[in-house]
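Source file: work.cif (mmCIF, C-alpha atoms)
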```cif
data_run
#
loop_
_atom_site.label_atom_id
_atom_site.label_comp_id
_atom_site.auth_asym_id
_atom_site.auth_seq_id
_atom_site.Cartn_x
_atom_site.Cartn_y
_atom_site.Cartn_z
CA MET A 1 108.48 133.47 108.04
CA ARG A 2 104.76 133.86 108.03
CA CYS A 3 102.41 131.21 109.31
CA TRP A 4 98.73 130.81 110.01
CA VAL A 5 98.06 127.69 112.03
CA GLN A 6 94.72 126.02 112.63
CA ARG A 7 93.89 125.45 116.28
CA GLY A 8 93.39 121.78 115.61
CA TRP A 9 97.00 121.52 114.49
CA ARG A 10 98.14 122.88 117.83
CA SER A 11 96.11 120.17 119.55
CA SER A 12 97.64 117.45 117.38
CA VAL A 13 101.14 118.70 118.09
CA LYS A 14 100.48 118.81 121.81
CA THR A 15 99.14 115.25 121.75
CA LEU A 16 102.33 114.05 120.08
CA GLY A 17 104.49 115.82 122.62
CA TRP A 18 105.93 118.26 120.07
CA ASN A 19 105.80 121.99 120.48
CA GLN A 20 104.34 124.06 117.66
CA LYS A 21 107.59 125.86 116.88
CA THR A 22 109.49 122.59 116.41
CA LEU A 23 106.88 121.14 114.07
CA VAL A 24 106.61 124.28 111.95
CA PHE A 25 110.40 124.45 111.69
CA LEU A 26 110.55 120.83 110.60
CA VAL A 27 107.89 121.30 107.98
CA PHE A 28 109.39 124.40 106.48
CA SER A 29 112.95 123.11 106.57
CA LEU A 30 112.01 120.39 104.12
CA HIS A 31 109.54 122.09 101.85
CA PRO A 32 109.03 125.67 100.68
CA SER A 33 105.25 125.65 101.04
CA ILE A 34 102.35 123.75 102.52
CA VAL A 35 98.79 124.66 101.71
CA ASP A 36 95.56 123.01 102.81
CA ASN A 37 92.13 124.33 103.69
CA TYR A 38 93.40 125.98 106.84
CA ASP A 39 97.17 126.36 106.74
CA VAL A 40 99.52 128.43 104.59
CA CYS A 41 103.17 128.42 105.60
CA SER A 42 106.46 129.36 103.98
CA LEU A 43 110.15 129.59 104.71
CA SER A 44 112.70 131.12 102.40
CA ARG A 45 115.74 128.94 103.17
CA PRO A 46 115.63 125.17 103.82
CA ALA A 47 117.37 124.31 107.08
CA LEU A 48 118.40 120.88 105.84
CA HIS A 49 119.87 122.31 102.62
CA LEU A 50 117.69 120.00 100.55
CA SER A 51 116.26 120.70 97.14
CA LEU A 52 112.82 119.56 96.07
CA PHE A 53 114.52 117.90 93.13
CA GLN A 54 116.95 115.84 95.18
CA ILE A 55 115.97 112.21 95.36
CA ILE A 56 115.91 112.22 99.16
CA MET A 57 112.87 114.50 98.92
CA LEU A 58 111.12 111.88 96.84
CA VAL A 59 111.93 109.19 99.42
CA ILE A 60 110.55 111.39 102.20
CA ALA A 61 107.40 112.08 100.19
CA TRP A 62 107.01 108.33 99.66
CA LYS A 63 107.39 107.74 103.40
CA LEU A 64 104.74 110.39 104.03
CA GLU A 65 102.50 108.80 101.38
CA ALA A 66 102.04 112.29 99.97
CA PRO A 67 99.88 112.18 96.84
CA ASN A 68 100.84 115.56 95.42
CA MET A 69 104.18 117.05 94.39
CA GLY A 70 104.73 120.47 95.94
CA PHE A 71 102.66 120.03 99.08
CA PHE A 72 102.68 118.10 102.35
CA THR A 73 99.53 118.41 104.42
CA LYS A 74 99.83 118.56 108.18
CA GLU A 75 98.20 115.12 108.44
CA GLU A 76 100.76 113.58 106.08
CA TRP A 77 103.61 115.27 107.89
CA LEU A 78 102.48 114.25 111.38
CA LYS A 79 101.93 110.66 110.31
CA GLY A 80 105.28 110.44 108.53
CA MET A 81 107.35 112.09 111.24
CA THR A 82 105.71 109.88 113.87
CA LEU A 83 106.56 106.80 111.80
CA LEU A 84 110.16 108.00 111.46
CA GLN A 85 110.26 108.94 115.17
CA CYS A 86 111.44 112.44 114.35
CA ASP A 87 110.51 115.35 116.59
CA CYS A 88 113.35 117.72 115.74
CA ILE A 89 115.60 118.71 112.86
CA GLU A 90 118.58 116.82 114.30
CA ARG A 91 116.69 113.52 114.38
CA LEU A 92 115.45 114.03 110.85
CA GLN A 93 118.99 114.79 109.68
CA GLY A 94 120.05 111.58 111.40
CA LYS A 95 117.53 109.63 109.34
CA LEU A 96 118.80 110.83 105.94
CA ASP A 97 121.29 107.99 105.47
CA TYR A 98 118.59 105.49 106.46
CA LEU A 99 116.26 107.01 103.87
CA ARG A 100 118.94 107.05 101.18
CA ASN A 101 119.65 103.38 101.83
CA HIS A 102 116.12 102.59 100.68
CA LEU A 103 117.38 103.33 97.18
CA ASN A 104 119.79 100.39 97.40
CA ASP A 105 117.03 97.89 98.11
CA THR A 106 115.67 96.72 94.76
CA ILE A 107 112.15 96.04 96.04
CA ILE A 108 111.85 99.30 97.95
CA PHE A 109 113.33 101.24 95.04
CA LYS A 110 110.76 99.69 92.71
CA ASN A 111 108.01 100.84 95.06
CA ILE A 112 109.46 104.36 95.17
CA TYR A 113 109.86 104.39 91.40
CA ARG A 114 106.23 103.35 90.88
CA TYR A 115 105.05 105.84 93.47
CA ALA A 116 106.88 108.61 91.62
CA PHE A 117 104.62 108.31 88.58
CA ASP A 118 101.42 109.25 90.38
CA PHE A 119 103.24 111.67 92.64
CA ALA A 120 104.61 113.67 89.71
CA ARG A 121 101.70 113.62 87.28
CA ASP A 122 99.01 116.27 87.09
CA LYS A 123 96.03 114.75 88.81
CA ASP A 124 93.71 115.59 85.92
CA GLN A 125 95.96 113.63 83.54
CA ARG A 126 96.54 109.88 83.27
CA SER A 127 100.07 110.25 81.89
CA LEU A 128 103.20 112.21 82.73
CA ASP A 129 104.09 115.04 80.41
CA MET A 130 107.42 114.21 78.82
CA ASP A 131 109.41 117.03 80.42
CA THR A 132 108.34 115.83 83.87
CA ALA A 133 108.98 112.20 82.93
CA LYS A 134 112.51 113.01 81.78
CA SER A 135 113.23 114.95 84.96
CA MET A 136 111.95 112.17 87.18
CA LEU A 137 113.82 109.50 85.22
CA ALA A 138 117.01 111.53 85.58
CA LEU A 139 116.39 111.72 89.31
CA LEU A 140 115.67 108.01 89.71
CA LEU A 141 117.82 106.32 87.06
CA GLY A 142 120.34 108.90 85.95
CA ARG A 143 122.98 107.83 88.47
CA THR A 144 122.58 104.06 88.03
CA TRP A 145 121.52 103.27 84.46
CA PRO A 146 124.41 103.59 81.97
CA LEU A 147 122.00 103.95 79.04
CA PHE A 148 120.03 106.77 80.60
CA PRO A 149 121.84 109.61 78.76
CA VAL A 150 121.18 107.88 75.44
CA PHE A 151 117.57 107.11 76.36
CA ASN A 152 117.07 110.72 77.38
CA GLN A 153 118.49 111.81 74.03
CA PHE A 154 116.05 109.49 72.30
CA LEU A 155 113.13 111.00 74.21
CA GLU A 156 114.31 114.50 73.29
CA GLN A 157 114.00 113.79 69.57
CA SER A 158 111.02 111.42 69.70
CA LYS A 159 107.40 112.09 68.79
CA TYR A 160 106.25 111.29 72.32
CA LYS A 161 104.72 114.13 74.33
CA VAL A 162 103.66 112.06 77.35
CA MET A 163 104.65 108.82 79.09
CA ASN A 164 101.92 106.49 80.33
CA LYS A 165 102.11 104.26 83.38
CA ASP A 166 102.86 101.08 81.43
CA GLN A 167 105.77 102.78 79.66
CA TRP A 168 107.03 104.20 82.95
CA PHE A 169 106.98 100.83 84.71
CA ASN A 170 108.67 99.10 81.79
CA VAL A 171 111.52 101.60 81.59
CA LEU A 172 112.66 100.44 85.03
CA GLU A 173 112.40 96.78 84.02
CA PHE A 174 114.32 97.54 80.82
CA SER A 175 117.06 99.33 82.76
CA ARG A 176 117.47 96.31 85.04
CA THR A 177 117.32 93.47 82.53
CA VAL A 178 118.62 94.68 79.16
CA SER A 179 122.37 94.93 78.68
CA THR A 180 123.95 98.19 77.59
CA ASP A 181 124.75 96.79 74.14
CA LEU A 182 121.09 95.70 73.81
CA SER A 183 122.20 92.22 72.75
CA ASN A 184 119.69 90.47 75.01
CA TYR A 185 116.73 92.62 74.04
CA ASP A 186 113.83 90.40 72.94
CA GLU A 187 112.08 92.11 70.07
CA ASP A 188 109.22 89.65 70.44
CA GLY A 189 108.83 90.41 74.13
CA ALA A 190 105.96 92.36 75.63
CA TRP A 191 107.83 95.66 75.67
CA PRO A 192 106.01 98.93 74.93
CA VAL A 193 106.44 100.31 71.41
CA LEU A 194 108.38 103.23 72.90
CA LEU A 195 111.15 100.86 73.98
CA ASP A 196 111.09 98.97 70.68
CA GLU A 197 111.62 102.29 68.96
CA PHE A 198 114.41 103.24 71.36
CA VAL A 199 116.28 100.00 70.63
CA GLU A 200 115.85 100.47 66.89
CA TRP A 201 117.00 104.09 67.14
CA GLN A 202 120.03 103.23 69.28
CA LYS A 203 121.14 100.39 67.00
CA ALA A 204 120.87 102.65 63.97
CA ARG A 205 122.84 105.35 65.79
CA LEU A 206 125.59 102.90 66.76
CA ALA A 207 125.82 101.63 63.17
CA THR A 208 126.82 105.11 62.00
CA LEU A 209 129.58 105.58 64.57
#
```

Full structure transcribed into structure tokens:
Amino acid sequence: MRCWVQRGWRSSVKTLGWNQKTLVFLVFSLHPSIVDNYDVCSLSRPALHLSLFQIIMLVIAWKLEAPNMGFFTKEEWLKGMTLLQCDCIERLQGKLDYLRNHLNDTIIFKNIYRYAFDFARDKDQRSLDMDTAKSMLALLLGRTWPLFPVFNQFLEQSKYKVMNKDQWFNVLEFSRTVSTDLSNYDEDGAWPVLLDEFVEWQKARLATL
């Protein structure tokens, strides 16, 4: 491990009653790198055996109110760990089930889902590139939405290169309200064209089976 720590960080850690070694270990156990104007830190093997692409990482990032994928600043980390009352790896491990349970609350999940759009997009772009959108949808909806594999297949062959925020928000609503056979889909509803095209594509595909 190599770490360069700003003196101010040491002061913050001391104020919170954490020692520097514990905080650095916590930070690096969850994320491979943190970079801000003063701090550059890395650890080769995550102590919690978590992948950046596991959904629990997204929930933690949401808790930290982190705006950028790939980085947690020390301020975000200190605020989030204080909120979660975690001052060691064992306590953070003990919070994982609590964090996962957020995914079972429809309101909280909607907040996490909406947060994921801005979290994952390039900050100089207003939309998600389609590869990122597909990956994030797989993470968020792949385990719960029966139509996700088909929707993903549709996106693979579609003309769309990006997904905007309105489309992103409506995909969640579609997944929650439209039946798997699409029988209750309202073609006159205020759905984005992307979803109209998906329904048309899926119905045509089913007609050939």

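For the residues A:Ile56, A:Val162, A:Lys63, A:Asp181, ranking by smallest atom-to-atom distance to Arg100 of chain A using only C-alpha atoms places A:Ile56 first.
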
Would you please work out which residue, of A:Thr180, A:Gln54, A:Asn111, A:Gln202, is nearest to Gln153 of chain A when using all atoms listed in the file?
-> A:Gln202

For each of A:Cys88, A:Leu182, A:Met163, A:Leu172, take the minimum atom-to-atom distance to Leu194 of chain A, counting all atoms listed in the file, then give the residue where this is smallest.
-> A:Met163

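Residues matched by the PyMOL selection byres ((chain A and resi 123-125) around 12) in this file: Pro67, Asn68, Met69, Phe117, Asp118, Phe119, Ala120, Arg121, Asp122, Arg126, Ser127, Leu128, Asp129, Val162, Met163, Asn164 and Lys165 of chain A.
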
Residue contacts of Glu187 of chain A (10 Å, only C-alpha atoms) excluding same-chain residues fewer than 5 positions away, as a list of chain:residue names | A:Leu195, A:Asp196, A:Val199, A:Glu200

At a cut-off of 10 Å, using all atoms listed in the file, what residues contact Leu99 of chain A? Leave out same-chain residues fewer than 3 positions from it and give the result as a tab-separated table (two decimals) with C-alpha atoms, in the coordinates of the input.
```
chain	number	residue	atom	x	y	z
A	55	ILE	CA	115.97	112.21	95.36
A	56	ILE	CA	115.91	112.22	99.16
A	57	MET	CA	112.87	114.50	98.92
A	58	LEU	CA	111.12	111.88	96.84
A	59	VAL	CA	111.93	109.19	99.42
A	60	ILE	CA	110.55	111.39	102.20
A	63	LYS	CA	107.39	107.74	103.40
A	84	LEU	CA	110.16	108.00	111.46
A	92	LEU	CA	115.45	114.03	110.85
A	94	GLY	CA	120.05	111.58	111.40
A	95	LYS	CA	117.53	109.63	109.34
A	96	LEU	CA	118.80	110.83	105.94
A	102	HIS	CA	116.12	102.59	100.68
A	103	LEU	CA	117.38	103.33	97.18
A	104	ASN	CA	119.79	100.39	97.40
```

Where atoms are missing, can you supply N, CA, C and O atoms for segment 93-117 of chain A and output the lot as a tab-separated table (two decimals), in the frame of the given file?
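Final output, out-v4.tsv:
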```tsv
chain	number	residue	atom	x	y	z
A	93	GLN	N	117.69	114.84	110.36
A	93	GLN	CA	118.99	114.79	109.68
A	93	GLN	C	119.64	113.43	109.89
A	93	GLN	O	120.27	112.88	108.99
A	94	GLY	N	119.47	112.88	111.10
A	94	GLY	CA	120.05	111.58	111.40
A	94	GLY	C	119.40	110.43	110.66
A	94	GLY	O	119.97	109.34	110.59
A	95	LYS	N	118.24	110.67	110.10
A	95	LYS	CA	117.53	109.63	109.34
A	95	LYS	C	117.86	109.67	107.84
A	95	LYS	O	117.42	108.76	107.11
A	96	LEU	N	118.59	110.67	107.38
A	96	LEU	CA	118.80	110.83	105.94
A	96	LEU	C	119.54	109.65	105.33
A	96	LEU	O	119.19	109.18	104.24
A	97	ASP	N	120.56	109.14	106.01
A	97	ASP	CA	121.29	107.99	105.47
A	97	ASP	C	120.38	106.76	105.42
A	97	ASP	O	120.43	105.98	104.46
A	98	TYR	N	119.56	106.60	106.44
A	98	TYR	CA	118.59	105.49	106.46
A	98	TYR	C	117.64	105.61	105.27
A	98	TYR	O	117.35	104.61	104.59
A	99	LEU	N	117.17	106.81	104.99
A	99	LEU	CA	116.26	107.01	103.87
A	99	LEU	C	116.95	106.80	102.53
A	99	LEU	O	116.39	106.19	101.61
A	100	ARG	N	118.19	107.26	102.42
A	100	ARG	CA	118.94	107.05	101.18
A	100	ARG	C	119.18	105.56	100.92
A	100	ARG	O	119.20	105.11	99.78
A	101	ASN	N	119.39	104.82	101.98
A	101	ASN	CA	119.65	103.38	101.83
A	101	ASN	C	118.47	102.63	101.23
A	101	ASN	O	118.64	101.53	100.69
A	102	HIS	N	117.27	103.20	101.33
A	102	HIS	CA	116.12	102.59	100.68
A	102	HIS	C	116.35	102.44	99.17
A	102	HIS	O	115.83	101.52	98.54
A	103	LEU	N	117.14	103.34	98.62
A	103	LEU	CA	117.38	103.33	97.18
A	103	LEU	C	118.24	102.16	96.75
A	103	LEU	O	118.30	101.83	95.56
A	104	ASN	N	118.93	101.53	97.70
A	104	ASN	CA	119.79	100.39	97.40
A	104	ASN	C	119.07	99.06	97.51
A	104	ASN	O	119.64	98.02	97.17
A	105	ASP	N	117.86	99.09	98.01
A	105	ASP	CA	117.03	97.89	98.11
A	105	ASP	C	116.16	97.82	96.86
A	105	ASP	O	115.35	98.70	96.60
A	106	THR	N	116.33	96.76	96.07
A	106	THR	CA	115.67	96.72	94.76
A	106	THR	C	114.14	96.73	94.87
A	106	THR	O	113.47	97.34	94.04
A	107	ILE	N	113.61	96.08	95.89
A	107	ILE	CA	112.15	96.04	96.04
A	107	ILE	C	111.62	97.40	96.49
A	107	ILE	O	110.63	97.91	95.94
A	108	ILE	N	112.28	97.99	97.48
A	108	ILE	CA	111.85	99.30	97.95
A	108	ILE	C	112.01	100.34	96.85
A	108	ILE	O	111.13	101.19	96.63
A	109	PHE	N	113.13	100.28	96.12
A	109	PHE	CA	113.33	101.24	95.04
A	109	PHE	C	112.23	101.11	93.99
A	109	PHE	O	111.74	102.12	93.48
A	110	LYS	N	111.85	99.89	93.68
A	110	LYS	CA	110.76	99.69	92.71
A	110	LYS	C	109.47	100.34	93.20
A	110	LYS	O	108.74	100.96	92.41
A	111	ASN	N	109.21	100.21	94.49
A	111	ASN	CA	108.01	100.84	95.06
A	111	ASN	C	108.09	102.36	94.96
A	111	ASN	O	107.10	103.03	94.65
A	112	ILE	N	109.27	102.92	95.26
A	112	ILE	CA	109.46	104.36	95.17
A	112	ILE	C	109.32	104.83	93.73
A	112	ILE	O	108.68	105.85	93.43
A	113	TYR	N	109.93	104.07	92.82
A	113	TYR	CA	109.86	104.39	91.40
A	113	TYR	C	108.40	104.40	90.92
A	113	TYR	O	107.98	105.33	90.21
A	114	ARG	N	107.64	103.40	91.30
A	114	ARG	CA	106.23	103.35	90.88
A	114	ARG	C	105.42	104.47	91.53
A	114	ARG	O	104.54	105.05	90.90
A	115	TYR	N	105.72	104.73	92.77
A	115	TYR	CA	105.05	105.84	93.47
A	115	TYR	C	105.29	107.16	92.76
A	115	TYR	O	104.40	108.01	92.67
A	116	ALA	N	106.49	107.34	92.23
A	116	ALA	CA	106.88	108.61	91.62
A	116	ALA	C	105.99	108.99	90.45
A	116	ALA	O	105.79	110.18	90.18
A	117	PHE	N	105.46	108.01	89.74
A	117	PHE	CA	104.62	108.31	88.58
A	117	PHE	C	103.38	109.09	88.99
A	117	PHE	O	103.11	110.17	88.47
```
